Every structure is written in structure tokens, then in C-alpha cells.
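Student: Have a peek at model.tsv (TSV, C-alpha atoms).
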chain	number	residue	atom	x	y	z
A	1133	MET	CA	35.44	149.47	182.07
A	1134	ALA	CA	36.26	148.11	178.61
A	1135	GLN	CA	38.06	144.79	178.56
A	1136	VAL	CA	41.47	144.85	176.87
A	1137	LYS	CA	41.76	142.17	174.20
A	1138	PRO	CA	45.04	140.25	174.00
A	1139	VAL	CA	47.24	141.12	171.03
A	1140	GLN	CA	46.91	138.47	168.32
A	1141	LYS	CA	50.15	137.50	166.64
A	1142	ASP	CA	50.14	137.17	162.87
A	1143	ALA	CA	51.38	134.07	161.02
A	1144	TYR	CA	54.74	135.68	160.22
A	1145	THR	CA	55.46	136.50	163.86
A	1146	MET	CA	54.35	133.06	165.05
A	1147	ILE	CA	56.65	131.25	162.61
A	1148	LEU	CA	59.52	133.62	163.39
A	1149	ASP	CA	59.03	133.04	167.13
A	1150	ALA	CA	59.01	129.27	166.57
A	1151	ILE	CA	62.34	129.48	164.73
A	1152	ASP	CA	63.77	131.75	167.43
A	1153	GLN	CA	62.69	129.32	170.17
A	1154	GLY	CA	64.25	126.35	168.37
A	1155	ILE	CA	60.93	124.63	167.60
A	1156	TYR	CA	62.05	124.76	163.97
A	1157	ARG	CA	65.80	124.50	163.51
A	1158	PRO	CA	68.10	125.04	160.52
A	1159	GLY	CA	67.36	122.36	157.92
A	1160	ASP	CA	63.81	121.67	159.13
A	1161	ARG	CA	61.16	121.59	156.38
A	1162	LEU	CA	58.17	123.89	156.79
A	1163	VAL	CA	54.87	122.63	155.38
A	1164	GLU	CA	51.91	124.98	154.91
A	1165	SER	CA	49.26	122.55	156.10
A	1166	GLU	CA	51.21	121.57	159.22
A	1167	LEU	CA	51.90	125.19	160.13
A	1168	ALA	CA	48.26	126.16	159.60
A	1169	GLU	CA	47.16	123.38	161.94
A	1170	ARG	CA	49.79	124.18	164.58
A	1171	PHE	CA	48.97	127.89	164.70
A	1172	GLY	CA	45.24	127.63	164.06
A	1173	VAL	CA	45.14	129.87	160.99
A	1174	SER	CA	44.26	129.36	157.34
A	1175	ARG	CA	46.88	128.44	154.76
A	1176	THR	CA	46.74	131.81	152.96
A	1177	PRO	CA	48.43	133.87	155.73
A	1178	ILE	CA	50.87	130.98	156.27
A	1179	ARG	CA	51.78	131.05	152.58
A	1180	GLU	CA	52.27	134.82	152.67
A	1181	ALA	CA	54.41	134.54	155.81
A	1182	LEU	CA	56.61	131.86	154.24
A	1183	GLN	CA	57.14	134.01	151.15
A	1184	ARG	CA	58.14	136.94	153.37
A	1185	LEU	CA	60.57	134.80	155.38
A	1186	GLU	CA	62.10	133.44	152.16
A	1187	THR	CA	62.58	137.00	150.86
A	1188	GLN	CA	64.42	137.82	154.10
A	1189	SER	CA	66.67	134.75	153.59
A	1190	LEU	CA	65.40	133.12	156.78
A	1191	LEU	CA	64.06	130.25	154.67
A	1192	SER	CA	65.70	128.62	151.66
A	1193	ARG	CA	64.59	126.26	148.88
A	1194	ASP	CA	65.33	122.57	148.90
A	1195	GLY	CA	63.77	121.46	145.65
A	1196	ARG	CA	60.11	122.45	145.97
A	1197	SER	CA	60.25	122.57	149.76
A	1198	LEU	CA	61.07	125.47	152.05
A	1199	ILE	CA	63.47	124.79	154.88
A	1200	VAL	CA	64.82	126.89	157.72
A	1201	ALA	CA	68.04	128.43	156.41
A	1202	SER	CA	71.43	127.86	158.01
A	1203	LEU	CA	74.48	130.11	158.11
A	1204	ASP	CA	77.84	129.03	156.72
A	1205	HIS	CA	81.13	130.27	158.19
A	1206	ASN	CA	81.34	133.37	156.00
A	1207	GLN	CA	77.73	134.36	156.61
A	1208	MET	CA	78.23	133.99	160.35
A	1209	ALA	CA	81.37	136.15	160.23
A	1210	GLU	CA	79.53	138.81	158.22
A	1211	LEU	CA	76.61	138.77	160.66
A	1212	TYR	CA	78.85	139.15	163.70
A	1213	ALA	CA	80.78	142.00	162.04
A	1214	VAL	CA	77.55	143.94	161.51
A	1215	ARG	CA	76.21	143.00	164.93
A	1216	SER	CA	79.39	144.15	166.64
A	1217	GLU	CA	79.28	147.61	165.08
A	1218	LEU	CA	75.55	148.15	165.61
A	1219	GLU	CA	75.57	146.86	169.19
A	1220	GLY	CA	78.62	149.00	169.97
A	1221	LEU	CA	76.78	152.04	168.63
A	1222	ALA	CA	73.73	151.14	170.74
A	1223	ALA	CA	75.90	151.03	173.87
A	1224	ARG	CA	77.53	154.35	172.97
A	1225	LEU	CA	74.13	156.01	172.52
A	1226	ALA	CA	72.80	154.37	175.68
A	1227	ALA	CA	75.69	155.93	177.62
A	1228	ARG	CA	74.55	159.27	176.22
A	1229	HIS	CA	70.76	158.91	176.49
A	1230	ALA	CA	69.76	156.14	178.92
A	1231	THR	CA	67.59	157.21	181.83
A	1232	GLU	CA	68.48	156.28	185.40
A	1233	GLU	CA	65.52	153.90	185.38
A	1234	GLU	CA	66.81	152.09	182.28
A	1235	VAL	CA	70.24	151.70	183.86
A	1236	LYS	CA	68.60	150.30	187.00
A	1237	VAL	CA	66.64	147.77	184.92
A	1238	LEU	CA	69.87	146.64	183.20
A	1239	TYR	CA	71.57	146.06	186.55
A	1240	ASP	CA	68.49	144.17	187.81
A	1241	MET	CA	68.55	141.94	184.73
A	1242	ILE	CA	72.15	140.93	185.42
A	1243	GLU	CA	71.31	139.89	188.99
A	1244	GLU	CA	68.15	138.04	187.98
A	1245	ASP	CA	69.95	136.18	185.19
A	1246	ARG	CA	72.37	134.56	187.67
A	1247	ALA	CA	69.57	132.14	188.55
A	1248	LEU	CA	69.60	130.89	184.92
A	1249	LEU	CA	73.27	129.91	184.63
A	1250	ASP	CA	72.46	126.17	184.57
A	1251	ASP	CA	69.81	126.61	181.86
A	1252	PRO	CA	71.51	127.73	178.59
A	1253	PRO	CA	68.26	128.12	176.55
A	1254	ALA	CA	66.72	130.30	179.28
A	1255	MET	CA	70.01	132.18	179.59
A	1256	ALA	CA	69.99	132.79	175.84
A	1257	ARG	CA	66.47	134.27	176.02
A	1258	ALA	CA	67.51	136.45	178.97
A	1259	ASN	CA	70.59	137.54	177.04
A	1260	ARG	CA	68.42	138.72	174.15
A	1261	ARG	CA	66.21	140.66	176.57
A	1262	PHE	CA	69.28	142.32	178.08
A	1263	HIS	CA	70.66	143.34	174.70
A	1264	ARG	CA	67.29	144.62	173.55
A	1265	MET	CA	67.10	146.80	176.67
A	1266	ILE	CA	70.39	148.38	175.63
A	1267	HIS	CA	69.01	148.85	172.11
A	1268	LEU	CA	65.95	150.64	173.52
A	1269	ALA	CA	68.12	152.70	175.88
A	1270	SER	CA	69.93	154.10	172.82
A	1271	HIS	CA	66.71	156.03	172.10
A	1272	ASN	CA	67.27	155.66	168.36
A	1273	ARG	CA	64.37	153.96	166.61
A	1274	TYR	CA	66.26	153.37	163.36
A	1275	LEU	CA	69.10	151.61	165.12
A	1276	VAL	CA	66.60	149.44	167.04
A	1277	GLN	CA	64.98	148.44	163.73
A	1278	GLN	CA	68.30	147.41	162.21
A	1279	LEU	CA	69.25	145.40	165.29
A	1280	ASP	CA	65.89	143.63	165.15
A	1281	LEU	CA	66.82	142.46	161.64
A	1282	VAL	CA	70.21	141.25	162.86
A	1283	TYR	CA	68.61	139.28	165.69
A	1284	ARG	CA	66.20	137.60	163.29
A	1285	SER	CA	69.19	136.18	161.44
A	1286	MET	CA	70.80	135.18	164.75
A	1287	ALA	CA	67.89	132.77	165.18
A	1288	LEU	CA	69.37	130.69	162.33
A	1289	MET	CA	72.22	129.56	164.57
A	1290	ALA	CA	71.38	126.12	165.91
A	1291	THR	CA	73.21	126.54	169.22
A	1292	THR	CA	73.90	129.32	171.69
A	1293	SER	CA	77.42	130.33	172.70
A	1294	LEU	CA	76.06	130.47	176.27
A	1295	ALA	CA	75.96	126.65	176.27
A	1296	ALA	CA	79.77	126.57	176.42
A	1297	GLN	CA	81.22	125.60	179.79
A	1298	GLY	CA	81.59	128.69	182.00
A	1299	ARG	CA	80.44	131.11	179.28
A	1300	GLY	CA	77.30	132.20	181.17
A	1301	GLU	CA	79.22	133.44	184.20
A	1302	VAL	CA	81.74	135.28	182.02
A	1303	ALA	CA	78.95	136.80	179.92
A	1304	LEU	CA	77.30	138.24	183.03
A	1305	ALA	CA	80.60	139.83	184.07
A	1306	GLU	CA	80.85	141.31	180.58
A	1307	HIS	CA	77.27	142.58	180.85
A	1308	LYS	CA	78.16	144.33	184.11
A	1309	ALA	CA	81.18	146.01	182.50
A	1310	ILE	CA	78.91	147.31	179.73
A	1311	VAL	CA	76.30	148.68	182.16
A	1312	ASP	CA	79.01	150.17	184.40
A	1313	ALA	CA	80.28	152.15	181.41
A	1314	ILE	CA	76.76	153.23	180.46
A	1315	SER	CA	76.11	154.28	184.06
A	1316	ARG	CA	79.32	156.39	184.07
A	1317	ARG	CA	78.24	158.00	180.77
A	1318	ASP	CA	81.54	156.80	179.28
A	1319	GLU	CA	80.55	156.41	175.63
A	1320	ASP	CA	83.88	155.06	174.38
A	1321	ALA	CA	84.12	152.48	177.17
A	1322	ALA	CA	80.51	151.35	176.63
A	1323	TYR	CA	81.13	150.96	172.89
A	1324	GLN	CA	84.31	148.97	173.44
A	1325	ALA	CA	82.90	146.81	176.25
A	1326	LEU	CA	79.99	145.71	174.11
A	1327	ARG	CA	82.16	145.08	171.06
A	1328	ASP	CA	84.54	143.01	173.21
A	1329	HIS	CA	81.54	141.06	174.53
A	1330	ILE	CA	80.38	140.25	171.00
A	1331	SER	CA	83.92	139.28	169.99
A	1332	VAL	CA	84.23	136.76	172.83
A	1333	ALA	CA	80.80	135.33	171.96
A	1334	PHE	CA	81.89	134.90	168.32
A	1335	ILE	CA	85.14	133.19	169.31
A	1336	THR	CA	83.17	130.85	171.58
A	1337	ARG	CA	80.75	130.02	168.78
A	1338	LEU	CA	83.56	129.33	166.31
A	1339	LYS	CA	85.11	126.89	168.80
A	1340	GLN	CA	81.74	125.20	169.30
A	1341	ASP	CA	81.21	124.79	165.56
A	1342	ASN	CA	84.74	123.45	165.09
A	1343	ALA	CA	84.25	120.90	167.89
A	1344	GLU	CA	80.95	119.76	166.36
A	1345	HIS	CA	82.51	119.25	162.93
A	1346	MET	CA	85.48	117.38	164.40
A	1347	SER	CA	83.10	114.99	166.23
A	1348	VAL	CA	81.14	114.09	163.09
Spit out the file's structure as C-alpha cells when you get a sec.
Tutor:
Amino acid sequence: MAQVKPVQKDAYTMILDAIDQGIYRPGDRLVESELAERFGVSRTPIREALQRLETQSLLSRDGRSLIVASLDHNQMAELYAVRSELEGLAARLAARHATEEEVKVLYDMIEEDRALLDDPPAMARANRRFHRMIHLASHNRYLVQQLDLVYRSMALMATTSLAAQGRGEVALAEHKAIVDAISRRDEDAAYQALRDHISVAFITRLKQDNAEHMSV
């Protein structure tokens, strides 16, 4: 029997994952030689990956250096506005197209994520998995592609709204309301429940950012 080789990630994906995981945070400088050494690849694919990330506005110029971009208030508001509409559409389509197995997986995720309430970074990763499951349950490849782009930009936020006191427990209750609506095949309720969920997350993040600026 032929042995299956593990999938090798390219330089672009490895850098993107590192930003998403908080290894590189907004404002951090990315150096070709250091990245090549960290990821065990030559500098040419690293250079190409950095150019691609800059084109996508995930990196910005600071003189001759490339740094991980950050989002100002207006950019964050714009991102959440787009995210809210696209995620709401994903929930609406999931209510129409999701299989019973996909709905079961969503419910299982909610229960499993309760064990992560005291670990905001792990909760944030679980939250992304949950949302991506809804995206996939929409059964619309073009919508999934657009949401992938939105979530790349979400990685530029230095903190997670799930770090706010009590937010994790509330978020799980919101997740259940979304899946309940999907399970009932109530498209309007699923759309609204997910949009409400994103709205609360945005309000929480705005409060976090305001508190951070007031403490400086």
C-alpha cells in the first residue's frame, strides 16, 4: 500500500498561519532571512510570499521594512460590516442546505468548546473552526472563498473579543441560537442570529480597544 505523504505548506501559508496564531503581531517586522531560517525554506519563496501578503494589505511598509499591518477604527468597522453580511448569508444558506451530519457537528463543537472557556486563544481558534463549519454548510464555494479573505484580515487584530470577561460563555449561547435556527431550517432567524452574534463581538472589541487606549 502506497504511503501517503504529508501535505507541505508553502511559504505564504506558513507566514499567514504564523500571523493568525499571533507569532507575528501587528507592528512586528518581517525579515526574509529570519523567516527563511524559521520555516526551513530558501529566501526566494519567502520574498514572493511577502510580496503577495503586501499586495493583500496584510503587510505594510515602514521605510524599507515590511511589518504586519494593523487595522485602524474605520478599517475595523468596514471589515465587520462586510463580515456581518457575508456570515449572515452563510447562515441563511446553511439553514437551506446543511446536512443533518453538518448540523450534528456544529452542536458537538459547541459542547466541546465549553472546555476551553478559560483559554481565550484556544477559544478563538475553536470559534474560527465553528464559523468555518457554517461557511462550509452553506454549500456555496464562492461565499466560502470570500469569507476566507475576510478571516485573513481578521488575523490583523491583536486581541480576541473572546478574552473579555464572560464573553466566551455568551458566545457559546449565541452559537447555539444560530445552530438551532439552522436546524429548524429557519433562514431568516439563522441570518439574524449570526448577524447579532457578530454585532455583539464588534461591540465587545470596540470596548476592549477603548479600554486599552485609555490605559496608555
Student: Give me, as a PyMOL selection string, all polymer residues having an atom no more than 8 Å from Ser1216 (chain A), counting all atoms listed in the file and skipping those fewer than 6 positions away in the same chain.
Tutor: chain A and resi 1326-1327+1330-1331
Student: With distances taken over only C-alpha atoms, which of A:His1307, A:Lys1141, A:Arg1273, A:Arg1157 is nearest to Asp1245 (chain A)?
Tutor: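 Result for the nearest residue to Asp1245 (chain A): A:His1307.
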Student: Expressed in Å to a single decimal, how great is the separation between CA of Ala1333 (chain A) and CA of Leu1218 (chain A)?
Tutor: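 Result for CA of Ala1333 (chain A) versus CA of Leu1218 (chain A): 15.2 Å, one decimal.
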Student: Kindly extract all protein, DNA and RNA residues lying within 6 Å of the coordinates (49.2, 133.3, 161.3) given in the file, considering only C-alpha atoms, and supply them as a list of chain:residue names.
Tutor: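 Output: A:Asp1142, A:Ala1143, A:Val1173, A:Pro1177, A:Ile1178.
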Student: Given only C-alpha atoms as the basis, pick out the residue of A:Asp1204, A:Asp1250, A:Asp1328, A:Asp1341 nearest to Glu1217 (chain A).
Tutor: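 Of A:Asp1204, A:Asp1250, A:Asp1328, A:Asp1341, the one nearest Glu1217 (chain A), counting only C-alpha atoms, is A:Asp1328.
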Student: With distances taken over all atoms listed in the file, which of A:Ala1230, A:Met1265, A:Leu1238, A:Leu1190 is nearest to Leu1148 (chain A)?
Tutor: A:Leu1190
Student: Restricting the calculation to all atoms listed in the file, which member of A:Ile1151, A:Ser1285, A:Gly1195, A:Arg1299 is positioned closest to Val1214 (chain A)?
Tutor: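 Among the listed residues, A:Ser1285 lies closest to Val1214 (chain A).
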Student: Hey, which of A:Ala1269, A:Ala1321, A:Leu1162, A:Ala1296 ends up closest to Thr1231 (chain A)? Count only C-alpha atoms.
Tutor: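 Selected residue with least distance to Thr1231 (chain A): A:Ala1269.
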Student: Tell me which of A:Ala1222, A:Ala1287, A:Met1146, A:Ile1310 sits closest to Ile1242 (chain A), counting all atoms listed in the file.
Tutor: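 Of A:Ala1222, A:Ala1287, A:Met1146, A:Ile1310, the one nearest Ile1242 (chain A), counting all atoms listed in the file, is A:Ile1310.
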Student: List the neighbours of His1267 (chain A) out to 12 Å using only C-alpha atoms; skip same-chain residues closer than 4 positions along the sequence, and give me the result as a ChimeraX atom specification.
Tutor: /A:1215,1218-1227,1229-1230,1234,1238,1260-1263,1271-1280,1283,1326
Student: Can you pull out every residue within 7 Å of Leu1288 (chain A), counting all atoms listed in the file, but drop anything in the same chain fewer than 5 positions away, and send it as a list in words?
Tutor: Pro1158, Ala1201, Ser1202 and Leu1203 of chain A
Student: Tell me which protein, DNA and RNA residues are within 9 Å of Tyr1156 (chain A), counting only C-alpha atoms, leaving out same-chain ones fewer than 6 positions away, and put them as a tab-separated table (two decimals) with C-alpha atoms, in the frame of the given file.
Tutor:
chain	number	residue	atom	x	y	z
A	1147	ILE	CA	56.65	131.25	162.61
A	1150	ALA	CA	59.01	129.27	166.57
A	1162	LEU	CA	58.17	123.89	156.79
A	1200	VAL	CA	64.82	126.89	157.72
Student: Take region 1209-1221 of chain A from the preceding structure and save N, CA and C atoms as a PDB file, in the first residue's frame.
Tutor:
ATOM      1  N   ALA A1209     -14.262  48.778  11.366  1.00  0.00           N
ATOM      2  CA  ALA A1209     -15.707  48.917  11.161  1.00  0.00           C
ATOM      3  C   ALA A1209     -16.107  48.405   9.777  1.00  0.00           C
ATOM      4  N   GLU A1210     -15.294  48.715   8.778  1.00  0.00           N
ATOM      5  CA  GLU A1210     -15.568  48.259   7.416  1.00  0.00           C
ATOM      6  C   GLU A1210     -15.497  46.733   7.336  1.00  0.00           C
ATOM      7  N   LEU A1211     -14.502  46.162   8.000  1.00  0.00           N
ATOM      8  CA  LEU A1211     -14.320  44.712   7.979  1.00  0.00           C
ATOM      9  C   LEU A1211     -15.499  44.004   8.645  1.00  0.00           C
ATOM     10  N   TYR A1212     -15.924  44.531   9.793  1.00  0.00           N
ATOM     11  CA  TYR A1212     -17.054  43.909  10.490  1.00  0.00           C
ATOM     12  C   TYR A1212     -18.351  44.055   9.706  1.00  0.00           C
ATOM     13  N   ALA A1213     -18.516  45.166   8.979  1.00  0.00           N
ATOM     14  CA  ALA A1213     -19.725  45.353   8.171  1.00  0.00           C
ATOM     15  C   ALA A1213     -19.805  44.287   7.083  1.00  0.00           C
ATOM     16  N   VAL A1214     -18.670  44.039   6.419  1.00  0.00           N
ATOM     17  CA  VAL A1214     -18.636  43.018   5.370  1.00  0.00           C
ATOM     18  C   VAL A1214     -18.793  41.633   5.983  1.00  0.00           C
ATOM     19  N   ARG A1215     -18.094  41.401   7.084  1.00  0.00           N
ATOM     20  CA  ARG A1215     -18.176  40.094   7.741  1.00  0.00           C
ATOM     21  C   ARG A1215     -19.612  39.782   8.163  1.00  0.00           C
ATOM     22  N   SER A1216     -20.287  40.761   8.727  1.00  0.00           N
ATOM     23  CA  SER A1216     -21.648  40.558   9.205  1.00  0.00           C
ATOM     24  C   SER A1216     -22.580  40.108   8.081  1.00  0.00           C
ATOM     25  N   GLU A1217     -22.487  40.779   6.935  1.00  0.00           N
ATOM     26  CA  GLU A1217     -23.363  40.434   5.815  1.00  0.00           C
ATOM     27  C   GLU A1217     -23.026  39.049   5.250  1.00  0.00           C
ATOM     28  N   LEU A1218     -21.734  38.778   5.061  1.00  0.00           N
ATOM     29  CA  LEU A1218     -21.337  37.501   4.473  1.00  0.00           C
ATOM     30  C   LEU A1218     -21.624  36.332   5.414  1.00  0.00           C
ATOM     31  N   GLU A1219     -21.358  36.522   6.699  1.00  0.00           N
ATOM     32  CA  GLU A1219     -21.630  35.455   7.665  1.00  0.00           C
ATOM     33  C   GLU A1219     -23.143  35.223   7.784  1.00  0.00           C
ATOM     34  N   GLY A1220     -23.914  36.303   7.764  1.00  0.00           N
ATOM     35  CA  GLY A1220     -25.365  36.149   7.807  1.00  0.00           C
ATOM     36  C   GLY A1220     -25.871  35.355   6.613  1.00  0.00           C
ATOM     37  N   LEU A1221     -25.317  35.648   5.440  1.00  0.00           N
ATOM     38  CA  LEU A1221     -25.697  34.902   4.233  1.00  0.00           C
ATOM     39  C   LEU A1221     -25.303  33.436   4.367  1.00  0.00           C
TER      40      LEU A1221
END
